[in-house]
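Content type TSV, N, CA and C atoms, from the file structure02.tsv:
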```tsv
chain	number	residue	atom	x	y	z
S	1	MET	N	14.29	88.85	163.55
S	1	MET	CA	13.05	88.09	163.48
S	1	MET	C	12.05	88.70	164.47
S	2	GLY	N	10.89	89.11	163.99
S	2	GLY	CA	9.88	89.72	164.85
S	2	GLY	C	9.22	88.71	165.76
S	3	THR	N	8.55	89.21	166.81
S	3	THR	CA	7.88	88.32	167.76
S	3	THR	C	6.84	87.46	167.07
S	4	MET	N	6.14	88.06	166.11
S	4	MET	CA	5.10	87.33	165.40
S	4	MET	C	5.70	86.14	164.64
S	5	GLU	N	6.85	86.36	164.02
S	5	GLU	CA	7.46	85.32	163.21
S	5	GLU	C	7.92	84.14	164.05
S	6	LYS	N	8.31	84.38	165.29
S	6	LYS	CA	8.76	83.31	166.18
S	6	LYS	C	7.63	82.34	166.49
S	7	ASN	N	6.41	82.82	166.43
S	7	ASN	CA	5.25	82.00	166.77
S	7	ASN	C	4.71	81.18	165.60
S	8	ILE	N	5.31	81.31	164.45
S	8	ILE	CA	4.85	80.57	163.27
S	8	ILE	C	5.52	79.19	163.28
S	9	SER	N	4.70	78.17	163.22
S	9	SER	CA	5.25	76.81	163.26
S	9	SER	C	6.01	76.49	161.97
S	10	PRO	N	7.04	75.65	162.08
S	10	PRO	CA	7.77	75.24	160.88
S	10	PRO	C	6.86	74.56	159.86
S	11	LEU	N	5.85	73.85	160.34
S	11	LEU	CA	4.91	73.18	159.44
S	11	LEU	C	4.11	74.20	158.63
S	12	THR	N	3.68	75.27	159.30
S	12	THR	CA	2.94	76.33	158.61
S	12	THR	C	3.82	76.98	157.55
S	13	LYS	N	5.07	77.28	157.91
S	13	LYS	CA	6.00	77.88	156.95
S	13	LYS	C	6.20	76.96	155.75
S	14	LEU	N	6.37	75.67	156.01
S	14	LEU	CA	6.57	74.69	154.94
S	14	LEU	C	5.35	74.63	154.03
S	15	LYS	N	4.16	74.55	154.64
S	15	LYS	CA	2.92	74.47	153.86
S	15	LYS	C	2.73	75.74	153.02
S	16	CYS	N	3.10	76.89	153.57
S	16	CYS	CA	2.98	78.15	152.82
S	16	CYS	C	3.97	78.17	151.65
S	17	LYS	N	5.17	77.68	151.88
S	17	LYS	CA	6.17	77.63	150.81
S	17	LYS	C	5.69	76.69	149.70
S	18	GLN	N	5.12	75.55	150.09
S	18	GLN	CA	4.59	74.60	149.10
S	18	GLN	C	3.44	75.23	148.32
S	19	ALA	N	2.58	75.97	149.01
S	19	ALA	CA	1.45	76.64	148.35
S	19	ALA	C	1.95	77.66	147.33
S	20	LEU	N	2.99	78.40	147.69
S	20	LEU	CA	3.55	79.40	146.80
S	20	LEU	C	4.21	78.74	145.58
S	21	THR	N	4.89	77.63	145.80
S	21	THR	CA	5.50	76.88	144.70
S	21	THR	C	4.42	76.35	143.76
S	22	LEU	N	3.33	75.85	144.32
S	22	LEU	CA	2.20	75.38	143.51
S	22	LEU	C	1.62	76.54	142.69
S	23	LEU	N	1.47	77.68	143.32
S	23	LEU	CA	0.94	78.86	142.61
S	23	LEU	C	1.84	79.22	141.43
S	24	GLU	N	3.15	79.25	141.66
S	24	GLU	CA	4.09	79.61	140.59
S	24	GLU	C	4.01	78.63	139.42
S	25	SER	N	3.91	77.35	139.73
S	25	SER	CA	3.90	76.36	138.65
S	25	SER	C	2.54	76.23	137.96
S	26	SER	N	1.48	76.66	138.63
S	26	SER	CA	0.13	76.50	138.07
S	26	SER	C	-0.61	77.82	137.91
S	27	ILE	N	0.11	78.93	137.80
S	27	ILE	CA	-0.52	80.25	137.74
S	27	ILE	C	-1.55	80.36	136.63
S	28	SER	N	-1.35	79.64	135.54
S	28	SER	CA	-2.28	79.78	134.41
S	28	SER	C	-3.63	79.12	134.67
S	29	VAL	N	-3.71	78.27	135.69
S	29	VAL	CA	-4.99	77.60	135.99
S	29	VAL	C	-5.54	77.93	137.38
S	30	ILE	N	-4.91	78.87	138.06
S	30	ILE	CA	-5.39	79.30	139.38
S	30	ILE	C	-5.86	80.75	139.24
S	31	PRO	N	-7.16	80.94	139.05
S	31	PRO	CA	-7.66	82.29	138.80
S	31	PRO	C	-7.84	83.17	140.05
S	32	ASP	N	-8.01	82.53	141.22
S	32	ASP	CA	-8.31	83.32	142.40
S	32	ASP	C	-7.90	82.60	143.69
S	33	VAL	N	-8.12	83.25	144.81
S	33	VAL	CA	-7.73	82.72	146.12
S	33	VAL	C	-8.46	81.42	146.44
S	34	ASN	N	-9.75	81.35	146.14
S	34	ASN	CA	-10.51	80.12	146.42
S	34	ASN	C	-9.93	78.92	145.68
S	35	SER	N	-9.60	79.13	144.41
S	35	SER	CA	-9.01	78.05	143.61
S	35	SER	C	-7.64	77.66	144.13
S	36	TRP	N	-6.87	78.65	144.54
S	36	TRP	CA	-5.53	78.39	145.08
S	36	TRP	C	-5.62	77.56	146.36
S	37	ALA	N	-6.55	77.93	147.23
S	37	ALA	CA	-6.75	77.18	148.48
S	37	ALA	C	-7.17	75.74	148.17
S	38	ALA	N	-8.09	75.58	147.24
S	38	ALA	CA	-8.57	74.25	146.86
S	38	ALA	C	-7.43	73.41	146.28
S	39	GLU	N	-6.64	73.99	145.38
S	39	GLU	CA	-5.51	73.28	144.78
S	39	GLU	C	-4.48	72.88	145.83
S	40	THR	N	-4.32	73.71	146.85
S	40	THR	CA	-3.35	73.47	147.91
S	40	THR	C	-3.89	72.47	148.94
S	41	GLY	N	-5.21	72.32	148.99
S	41	GLY	CA	-5.82	71.40	149.95
S	41	GLY	C	-6.01	72.01	151.33
S	42	VAL	N	-6.17	73.34	151.35
S	42	VAL	CA	-6.41	74.04	152.62
S	42	VAL	C	-7.64	74.93	152.46
S	43	SER	N	-8.13	75.44	153.57
S	43	SER	CA	-9.27	76.35	153.49
S	43	SER	C	-8.81	77.74	153.06
S	44	ARG	N	-9.72	78.50	152.52
S	44	ARG	CA	-9.41	79.87	152.12
S	44	ARG	C	-8.95	80.67	153.34
S	45	ARG	N	-9.63	80.45	154.44
S	45	ARG	CA	-9.31	81.15	155.69
S	45	ARG	C	-7.88	80.84	156.13
S	46	TRP	N	-7.51	79.56	156.10
S	46	TRP	CA	-6.16	79.16	156.51
S	46	TRP	C	-5.12	79.82	155.60
S	47	LEU	N	-5.38	79.80	154.29
S	47	LEU	CA	-4.45	80.38	153.33
S	47	LEU	C	-4.27	81.87	153.59
S	48	CYS	N	-5.37	82.57	153.79
S	48	CYS	CA	-5.30	84.02	154.03
S	48	CYS	C	-4.53	84.32	155.30
S	49	LYS	N	-4.87	83.65	156.36
S	49	LYS	CA	-4.24	83.89	157.66
S	49	LYS	C	-2.75	83.52	157.62
S	50	SER	N	-2.43	82.38	157.07
S	50	SER	CA	-1.06	81.88	157.08
S	50	SER	C	-0.15	82.69	156.15
S	51	MET	N	-0.62	83.03	154.96
S	51	MET	CA	0.20	83.81	154.04
S	51	MET	C	0.49	85.19	154.63
S	52	LYS	N	-0.50	85.76	155.27
S	52	LYS	CA	-0.32	87.07	155.91
S	52	LYS	C	0.73	86.96	157.02
S	53	MET	N	0.67	85.89	157.81
S	53	MET	CA	1.63	85.68	158.89
S	53	MET	C	3.05	85.44	158.36
S	54	VAL	N	3.17	84.54	157.38
S	54	VAL	CA	4.49	84.13	156.89
S	54	VAL	C	5.11	85.17	155.96
S	55	TYR	N	4.33	85.71	155.02
S	55	TYR	CA	4.88	86.61	154.01
S	55	TYR	C	4.48	88.07	154.20
S	56	GLY	N	3.54	88.32	155.11
S	56	GLY	CA	3.10	89.69	155.34
S	56	GLY	C	2.24	90.24	154.22
S	57	LYS	N	1.71	89.34	153.37
S	57	LYS	CA	0.87	89.75	152.24
S	57	LYS	C	-0.34	88.82	152.14
S	58	SER	N	-1.41	89.37	151.61
S	58	SER	CA	-2.60	88.56	151.39
S	58	SER	C	-2.39	87.65	150.18
S	59	PRO	N	-3.12	86.55	150.11
S	59	PRO	CA	-3.02	85.67	148.94
S	59	PRO	C	-3.33	86.41	147.63
S	60	GLN	N	-4.26	87.35	147.66
S	60	GLN	CA	-4.62	88.10	146.46
S	60	GLN	C	-3.43	88.89	145.94
S	61	ILE	N	-2.69	89.51	146.84
S	61	ILE	CA	-1.51	90.27	146.44
S	61	ILE	C	-0.43	89.34	145.91
S	62	LEU	N	-0.27	88.19	146.55
S	62	LEU	CA	0.73	87.21	146.09
S	62	LEU	C	0.39	86.71	144.69
S	63	ILE	N	-0.89	86.46	144.44
S	63	ILE	CA	-1.32	86.02	143.10
S	63	ILE	C	-0.99	87.11	142.09
S	64	ARG	N	-1.31	88.36	142.41
S	64	ARG	CA	-1.02	89.48	141.50
S	64	ARG	C	0.47	89.57	141.18
S	65	GLU	N	1.30	89.45	142.23
S	65	GLU	CA	2.75	89.54	142.04
S	65	GLU	C	3.26	88.40	141.15
S	66	LYS	N	2.80	87.19	141.42
S	66	LYS	CA	3.26	86.03	140.65
S	66	LYS	C	2.78	86.12	139.20
S	67	ARG	N	1.57	86.62	139.01
S	67	ARG	CA	1.03	86.76	137.66
S	67	ARG	C	1.84	87.79	136.87
S	68	PHE	N	2.18	88.91	137.52
S	68	PHE	CA	2.98	89.93	136.85
S	68	PHE	C	4.37	89.39	136.51
S	69	LYS	N	4.98	88.68	137.45
S	69	LYS	CA	6.30	88.09	137.19
S	69	LYS	C	6.23	87.12	136.01
S	70	LYS	N	5.14	86.38	135.91
S	70	LYS	CA	4.96	85.44	134.79
S	70	LYS	C	4.85	86.21	133.48
S	71	VAL	N	4.11	87.31	133.47
S	71	VAL	CA	3.96	88.14	132.28
S	71	VAL	C	5.34	88.65	131.85
S	72	VAL	N	6.09	89.18	132.79
S	72	VAL	CA	7.43	89.71	132.49
S	72	VAL	C	8.32	88.59	131.95
S	73	TRP	N	8.31	87.44	132.62
S	73	TRP	CA	9.14	86.32	132.18
S	73	TRP	C	8.78	85.88	130.77
S	74	LEU	N	7.48	85.78	130.48
S	74	LEU	CA	7.04	85.35	129.15
S	74	LEU	C	7.49	86.33	128.07
S	75	ILE	N	7.37	87.62	128.35
S	75	ILE	CA	7.78	88.63	127.37
S	75	ILE	C	9.29	88.52	127.13
S	76	CYS	N	10.05	88.40	128.21
S	76	CYS	CA	11.51	88.29	128.07
S	76	CYS	C	11.89	87.00	127.35
S	77	ASP	N	11.19	85.93	127.65
S	77	ASP	CA	11.49	84.63	127.05
S	77	ASP	C	11.12	84.59	125.57
S	78	GLU	N	9.97	85.13	125.22
S	78	GLU	CA	9.49	85.08	123.84
S	78	GLU	C	10.00	86.24	122.99
S	79	GLY	N	10.49	87.27	123.64
S	79	GLY	CA	11.04	88.42	122.94
S	79	GLY	C	10.02	89.11	122.06
S	80	ILE	N	10.45	89.53	120.90
S	80	ILE	CA	9.62	90.29	119.97
S	80	ILE	C	8.39	89.49	119.54
S	81	GLN	N	8.48	88.16	119.60
S	81	GLN	CA	7.36	87.28	119.21
S	81	GLN	C	6.23	87.25	120.24
S	82	ALA	N	6.47	87.75	121.45
S	82	ALA	CA	5.46	87.70	122.52
S	82	ALA	C	4.22	88.48	122.10
S	83	GLY	N	3.10	87.78	122.08
S	83	GLY	CA	1.84	88.42	121.74
S	83	GLY	C	0.98	88.59	122.97
S	84	CYS	N	0.19	89.61	122.98
S	84	CYS	CA	-0.65	89.92	124.15
S	84	CYS	C	-1.56	88.74	124.51
S	85	TYR	N	-2.19	88.14	123.52
S	85	TYR	CA	-3.12	87.05	123.79
S	85	TYR	C	-2.40	85.83	124.39
S	86	SER	N	-1.30	85.40	123.78
S	86	SER	CA	-0.60	84.20	124.27
S	86	SER	C	-0.03	84.43	125.67
S	87	VAL	N	0.51	85.62	125.91
S	87	VAL	CA	1.03	85.94	127.24
S	87	VAL	C	-0.12	85.96	128.25
S	88	ALA	N	-1.23	86.55	127.88
S	88	ALA	CA	-2.39	86.62	128.78
S	88	ALA	C	-2.84	85.22	129.20
S	89	VAL	N	-3.01	84.35	128.23
S	89	VAL	CA	-3.48	82.99	128.52
S	89	VAL	C	-2.48	82.22	129.38
S	90	GLU	N	-1.21	82.29	129.04
S	90	GLU	CA	-0.19	81.56	129.80
S	90	GLU	C	0.00	82.10	131.21
S	91	ALA	N	-0.33	83.37	131.41
S	91	ALA	CA	-0.21	83.97	132.73
S	91	ALA	C	-1.49	83.84	133.55
S	92	GLY	N	-2.51	83.22	132.96
S	92	GLY	CA	-3.74	82.95	133.70
S	92	GLY	C	-4.85	83.97	133.57
S	93	PHE	N	-4.76	84.82	132.57
S	93	PHE	CA	-5.84	85.78	132.34
S	93	PHE	C	-6.84	85.19	131.36
S	94	LYS	N	-8.09	85.63	131.47
S	94	LYS	CA	-9.14	85.11	130.59
S	94	LYS	C	-9.02	85.63	129.16
S	95	SER	N	-8.44	86.82	129.03
S	95	SER	CA	-8.37	87.46	127.71
S	95	SER	C	-7.30	88.54	127.69
S	96	GLU	N	-7.08	89.07	126.50
S	96	GLU	CA	-6.16	90.20	126.35
S	96	GLU	C	-6.67	91.40	127.14
S	97	THR	N	-7.98	91.57	127.14
S	97	THR	CA	-8.59	92.68	127.85
S	97	THR	C	-8.33	92.58	129.34
S	98	ALA	N	-8.43	91.37	129.89
S	98	ALA	CA	-8.18	91.17	131.32
S	98	ALA	C	-6.73	91.51	131.66
S	99	LEU	N	-5.80	91.10	130.80
S	99	LEU	CA	-4.39	91.43	131.00
S	99	LEU	C	-4.18	92.94	130.93
S	100	SER	N	-4.79	93.57	129.94
S	100	SER	CA	-4.66	95.01	129.78
S	100	SER	C	-5.18	95.77	131.00
S	101	LYS	N	-6.33	95.37	131.50
S	101	LYS	CA	-6.90	96.01	132.69
S	101	LYS	C	-5.98	95.82	133.90
S	102	PHE	N	-5.44	94.61	134.06
S	102	PHE	CA	-4.52	94.29	135.15
S	102	PHE	C	-3.29	95.19	135.09
S	103	LEU	N	-2.67	95.27	133.91
S	103	LEU	CA	-1.47	96.09	133.77
S	103	LEU	C	-1.76	97.56	134.01
S	104	SER	N	-2.89	98.01	133.54
S	104	SER	CA	-3.27	99.41	133.70
S	104	SER	C	-3.56	99.73	135.17
S	105	LYS	N	-4.33	98.87	135.83
S	105	LYS	CA	-4.75	99.12	137.21
S	105	LYS	C	-3.61	99.00	138.21
S	106	TYR	N	-2.80	97.95	138.09
S	106	TYR	CA	-1.80	97.68	139.12
S	106	TYR	C	-0.38	98.11	138.76
S	107	HIS	N	-0.11	98.36	137.49
S	107	HIS	CA	1.26	98.69	137.10
S	107	HIS	C	1.36	99.93	136.22
S	108	GLU	N	0.25	100.62	136.02
S	108	GLU	CA	0.19	101.87	135.27
S	108	GLU	C	0.93	101.79	133.92
S	109	THR	N	0.68	100.70	133.22
S	109	THR	CA	1.27	100.51	131.90
S	109	THR	C	0.32	99.70	131.03
S	110	ASN	N	0.72	99.42	129.81
S	110	ASN	CA	-0.05	98.54	128.96
S	110	ASN	C	0.92	97.50	128.37
S	111	PHE	N	0.40	96.52	127.68
S	111	PHE	CA	1.23	95.42	127.18
S	111	PHE	C	2.33	95.93	126.24
S	112	THR	N	1.97	96.78	125.32
S	112	THR	CA	2.92	97.28	124.33
S	112	THR	C	4.07	98.03	124.99
S	113	SER	N	3.74	98.91	125.94
S	113	SER	CA	4.78	99.67	126.64
S	113	SER	C	5.66	98.77	127.50
S	114	LEU	N	5.04	97.85	128.21
S	114	LEU	CA	5.79	96.92	129.06
S	114	LEU	C	6.76	96.10	128.20
S	115	LYS	N	6.25	95.59	127.10
S	115	LYS	CA	7.07	94.80	126.20
S	115	LYS	C	8.25	95.62	125.66
S	116	ALA	N	7.96	96.82	125.22
S	116	ALA	CA	9.00	97.70	124.68
S	116	ALA	C	10.06	98.00	125.76
S	117	ASN	N	9.63	98.29	126.96
S	117	ASN	CA	10.57	98.59	128.05
S	117	ASN	C	11.42	97.38	128.39
S	118	LEU	N	10.80	96.22	128.48
S	118	LEU	CA	11.55	95.01	128.83
S	118	LEU	C	12.54	94.63	127.74
S	119	LEU	N	12.12	94.73	126.50
S	119	LEU	CA	13.00	94.33	125.40
S	119	LEU	C	14.12	95.34	125.16
S	120	SER	N	13.90	96.59	125.52
S	120	SER	CA	14.97	97.59	125.35
S	120	SER	C	16.03	97.45	126.42
S	121	GLU	N	15.68	96.83	127.55
S	121	GLU	CA	16.63	96.62	128.65
S	121	GLU	C	17.58	95.46	128.36
S	122	GLU	N	17.18	94.54	127.49
S	122	GLU	CA	18.00	93.35	127.23
S	122	GLU	C	19.23	93.66	126.42
```

Show how you would write the structure in this file as structure tokens.
Amino acid sequence: MGTMEKNISPLTKLKCKQALTLLESSISVIPDVNSWAAETGVSRRWLCKSMKMVYGKSPQILIREKRFKKVVWLICDEGIQAGCYSVAVEAGFKSETALSKFLSKYHETNFTSLKANLLSEE
């Protein structure tokens, strides 16, 4: 346990864990850090500072990771029936295009390739 971690209060850790749980369950309706902070009932500043302290990542990165995990889960769950539009909406993207840009920018893939890779692994 690093020195920094020792200084984090149990209440802060708990509140961060609750915020992350809320994000996971509501990813389709939380588009950004401001919305996540509002849904959690904390300030954007508190969320940014606390998530960085507790998890070592910014809220924006955590949102990206959770959104990608949701995309992967949806594809695996729906299998061959998984469509780009339905996965995009359920994972919190505004459109198929937004999902495509996200996958291209952060994961160097596209929906069709990701789906094919995930389904071939099963």

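The interatomic distance for the pair atom N of Ile30 of chain S and atom N of Ser120 of chain S works out to 28.7 Å.
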
Just give me the gap between atom CA of Ile8 of chain S and atom C of Val29 of chain S in Å, one decimal is fine. 28.0 Å

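The interatomic distance for the pair atom CA of Arg67 of chain S and atom C of Thr12 of chain S works out to 22.3 Å.
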
Excluding Ser26 of chain S and residues on its chain fewer than 6 positions from it, collect all residues at most 8 Å away from it, counting all atoms listed in the file, and give them as a VMD selection string. chain S and resid 20 90 to 92

Show me, as a list in words, the residues that have an atom within 12 Å of Ser35 of chain S when counting only C-alpha atoms, minus same-chain residues fewer than 2 positions from it. Ala19, Leu22, Leu23, Ser26, Ile27, Ser28, Val29, Ile30, Pro31, Asp32, Val33, Ala37, Ala38, Glu39, Thr40, Gly41, Val42, Ser43, Arg44, Leu47, Pro59, Gln60 and Ile63 of chain S

List every residue of segment 32-96 of chain S that DSSP, applied to the backbone of this structure, places in helix (DSSP H, G or I), and write the result as a PyMOL selection string. chain S and resi 33-40+44-55+59-81+84-90+96

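Ranking S:Cys76, S:Ala88, S:Leu11, S:Val54 by their shortest atom-to-atom distance to Lys115 of chain S, with all atoms listed in the file included, puts S:Cys76 first.
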
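Of the listed residues (S:Met51, S:Lys15, S:Ser58, S:Cys84), S:Cys84 comes nearest to Glu96 of chain S; the distances count all atoms listed in the file.
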
From the block I gave, I'd like segment 68-103 of chain S written with N, CA and C atoms, as a PDB file, in the first residue's frame.
```pdb
ATOM      1  N   PHE S  68     -16.522   0.435 -22.795  1.00  0.00           N
ATOM      2  CA  PHE S  68     -15.966  -0.622 -23.634  1.00  0.00           C
ATOM      3  C   PHE S  68     -16.351  -1.998 -23.083  1.00  0.00           C
ATOM      4  N   LYS S  69     -16.258  -2.161 -21.775  1.00  0.00           N
ATOM      5  CA  LYS S  69     -16.651  -3.440 -21.161  1.00  0.00           C
ATOM      6  C   LYS S  69     -18.123  -3.739 -21.440  1.00  0.00           C
ATOM      7  N   LYS S  70     -18.954  -2.714 -21.425  1.00  0.00           N
ATOM      8  CA  LYS S  70     -20.382  -2.893 -21.716  1.00  0.00           C
ATOM      9  C   LYS S  70     -20.569  -3.329 -23.167  1.00  0.00           C
ATOM     10  N   VAL S  71     -19.833  -2.719 -24.090  1.00  0.00           N
ATOM     11  CA  VAL S  71     -19.905  -3.091 -25.507  1.00  0.00           C
ATOM     12  C   VAL S  71     -19.523  -4.559 -25.664  1.00  0.00           C
ATOM     13  N   VAL S  72     -18.416  -4.952 -25.059  1.00  0.00           N
ATOM     14  CA  VAL S  72     -17.946  -6.336 -25.152  1.00  0.00           C
ATOM     15  C   VAL S  72     -18.988  -7.281 -24.559  1.00  0.00           C
ATOM     16  N   TRP S  73     -19.508  -6.939 -23.386  1.00  0.00           N
ATOM     17  CA  TRP S  73     -20.505  -7.784 -22.735  1.00  0.00           C
ATOM     18  C   TRP S  73     -21.750  -7.944 -23.606  1.00  0.00           C
ATOM     19  N   LEU S  74     -22.223  -6.838 -24.184  1.00  0.00           N
ATOM     20  CA  LEU S  74     -23.416  -6.889 -25.023  1.00  0.00           C
ATOM     21  C   LEU S  74     -23.208  -7.773 -26.251  1.00  0.00           C
ATOM     22  N   ILE S  75     -22.043  -7.650 -26.873  1.00  0.00           N
ATOM     23  CA  ILE S  75     -21.755  -8.472 -28.054  1.00  0.00           C
ATOM     24  C   ILE S  75     -21.720  -9.951 -27.662  1.00  0.00           C
ATOM     25  N   CYS S  76     -21.050 -10.245 -26.556  1.00  0.00           N
ATOM     26  CA  CYS S  76     -20.966 -11.645 -26.098  1.00  0.00           C
ATOM     27  C   CYS S  76     -22.345 -12.168 -25.706  1.00  0.00           C
ATOM     28  N   ASP S  77     -23.134 -11.326 -25.070  1.00  0.00           N
ATOM     29  CA  ASP S  77     -24.454 -11.735 -24.610  1.00  0.00           C
ATOM     30  C   ASP S  77     -25.428 -11.939 -25.773  1.00  0.00           C
ATOM     31  N   GLU S  78     -25.403 -11.034 -26.742  1.00  0.00           N
ATOM     32  CA  GLU S  78     -26.343 -11.102 -27.862  1.00  0.00           C
ATOM     33  C   GLU S  78     -25.838 -11.972 -29.011  1.00  0.00           C
ATOM     34  N   GLY S  79     -24.554 -12.254 -29.005  1.00  0.00           N
ATOM     35  CA  GLY S  79     -23.967 -13.112 -30.030  1.00  0.00           C
ATOM     36  C   GLY S  79     -24.114 -12.540 -31.423  1.00  0.00           C
ATOM     37  N   ILE S  80     -24.391 -13.396 -32.361  1.00  0.00           N
ATOM     38  CA  ILE S  80     -24.483 -13.023 -33.773  1.00  0.00           C
ATOM     39  C   ILE S  80     -25.583 -11.984 -34.006  1.00  0.00           C
ATOM     40  N   GLN S  81     -26.579 -11.946 -33.120  1.00  0.00           N
ATOM     41  CA  GLN S  81     -27.696 -10.994 -33.246  1.00  0.00           C
ATOM     42  C   GLN S  81     -27.312  -9.559 -32.863  1.00  0.00           C
ATOM     43  N   ALA S  82     -26.161  -9.378 -32.210  1.00  0.00           N
ATOM     44  CA  ALA S  82     -25.738  -8.040 -31.754  1.00  0.00           C
ATOM     45  C   ALA S  82     -25.584  -7.105 -32.944  1.00  0.00           C
ATOM     46  N   GLY S  83     -26.346  -6.022 -32.903  1.00  0.00           N
ATOM     47  CA  GLY S  83     -26.255  -5.028 -33.965  1.00  0.00           C
ATOM     48  C   GLY S  83     -25.544  -3.792 -33.470  1.00  0.00           C
ATOM     49  N   CYS S  84     -24.870  -3.121 -34.345  1.00  0.00           N
ATOM     50  CA  CYS S  84     -24.084  -1.942 -33.975  1.00  0.00           C
ATOM     51  C   CYS S  84     -24.954  -0.878 -33.299  1.00  0.00           C
ATOM     52  N   TYR S  85     -26.129  -0.614 -33.859  1.00  0.00           N
ATOM     53  CA  TYR S  85     -26.987   0.428 -33.302  1.00  0.00           C
ATOM     54  C   TYR S  85     -27.477   0.069 -31.895  1.00  0.00           C
ATOM     55  N   SER S  86     -27.981  -1.145 -31.701  1.00  0.00           N
ATOM     56  CA  SER S  86     -28.514  -1.520 -30.385  1.00  0.00           C
ATOM     57  C   SER S  86     -27.417  -1.553 -29.332  1.00  0.00           C
ATOM     58  N   VAL S  87     -26.241  -2.049 -29.698  1.00  0.00           N
ATOM     59  CA  VAL S  87     -25.115  -2.064 -28.761  1.00  0.00           C
ATOM     60  C   VAL S  87     -24.702  -0.630 -28.430  1.00  0.00           C
ATOM     61  N   ALA S  88     -24.643   0.219 -29.429  1.00  0.00           N
ATOM     62  CA  ALA S  88     -24.258   1.618 -29.214  1.00  0.00           C
ATOM     63  C   ALA S  88     -25.193   2.299 -28.211  1.00  0.00           C
ATOM     64  N   VAL S  89     -26.486   2.157 -28.427  1.00  0.00           N
ATOM     65  CA  VAL S  89     -27.467   2.796 -27.552  1.00  0.00           C
ATOM     66  C   VAL S  89     -27.396   2.248 -26.130  1.00  0.00           C
ATOM     67  N   GLU S  90     -27.327   0.935 -25.993  1.00  0.00           N
ATOM     68  CA  GLU S  90     -27.281   0.326 -24.660  1.00  0.00           C
ATOM     69  C   GLU S  90     -25.990   0.630 -23.916  1.00  0.00           C
ATOM     70  N   ALA S  91     -24.927   0.916 -24.651  1.00  0.00           N
ATOM     71  CA  ALA S  91     -23.650   1.246 -24.024  1.00  0.00           C
ATOM     72  C   ALA S  91     -23.491   2.745 -23.793  1.00  0.00           C
ATOM     73  N   GLY S  92     -24.509   3.522 -24.178  1.00  0.00           N
ATOM     74  CA  GLY S  92     -24.494   4.957 -23.889  1.00  0.00           C
ATOM     75  C   GLY S  92     -23.959   5.857 -24.975  1.00  0.00           C
ATOM     76  N   PHE S  93     -23.857   5.348 -26.188  1.00  0.00           N
ATOM     77  CA  PHE S  93     -23.423   6.191 -27.293  1.00  0.00           C
ATOM     78  C   PHE S  93     -24.639   6.800 -27.968  1.00  0.00           C
ATOM     79  N   LYS S  94     -24.443   7.965 -28.583  1.00  0.00           N
ATOM     80  CA  LYS S  94     -25.555   8.657 -29.244  1.00  0.00           C
ATOM     81  C   LYS S  94     -25.962   7.975 -30.546  1.00  0.00           C
ATOM     82  N   SER S  95     -24.995   7.301 -31.177  1.00  0.00           N
ATOM     83  CA  SER S  95     -25.262   6.704 -32.488  1.00  0.00           C
ATOM     84  C   SER S  95     -24.232   5.629 -32.806  1.00  0.00           C
ATOM     85  N   GLU S  96     -24.480   4.944 -33.908  1.00  0.00           N
ATOM     86  CA  GLU S  96     -23.516   3.954 -34.405  1.00  0.00           C
ATOM     87  C   GLU S  96     -22.191   4.637 -34.732  1.00  0.00           C
ATOM     88  N   THR S  97     -22.285   5.837 -35.272  1.00  0.00           N
ATOM     89  CA  THR S  97     -21.090   6.584 -35.646  1.00  0.00           C
ATOM     90  C   THR S  97     -20.247   6.896 -34.420  1.00  0.00           C
ATOM     91  N   ALA S  98     -20.896   7.278 -33.327  1.00  0.00           N
ATOM     92  CA  ALA S  98     -20.169   7.587 -32.098  1.00  0.00           C
ATOM     93  C   ALA S  98     -19.452   6.343 -31.571  1.00  0.00           C
ATOM     94  N   LEU S  99     -20.118   5.199 -31.629  1.00  0.00           N
ATOM     95  CA  LEU S  99     -19.496   3.939 -31.212  1.00  0.00           C
ATOM     96  C   LEU S  99     -18.317   3.614 -32.121  1.00  0.00           C
ATOM     97  N   SER S 100     -18.506   3.769 -33.411  1.00  0.00           N
ATOM     98  CA  SER S 100     -17.437   3.480 -34.368  1.00  0.00           C
ATOM     99  C   SER S 100     -16.213   4.356 -34.126  1.00  0.00           C
ATOM    100  N   LYS S 101     -16.431   5.640 -33.900  1.00  0.00           N
ATOM    101  CA  LYS S 101     -15.319   6.559 -33.626  1.00  0.00           C
ATOM    102  C   LYS S 101     -14.603   6.169 -32.334  1.00  0.00           C
ATOM    103  N   PHE S 102     -15.373   5.813 -31.304  1.00  0.00           N
ATOM    104  CA  PHE S 102     -14.822   5.390 -30.015  1.00  0.00           C
ATOM    105  C   PHE S 102     -13.931   4.155 -30.192  1.00  0.00           C
ATOM    106  N   LEU S 103     -14.454   3.143 -30.887  1.00  0.00           N
ATOM    107  CA  LEU S 103     -13.686   1.914 -31.088  1.00  0.00           C
ATOM    108  C   LEU S 103     -12.431   2.167 -31.911  1.00  0.00           C
TER     109      LEU S 103
END
```
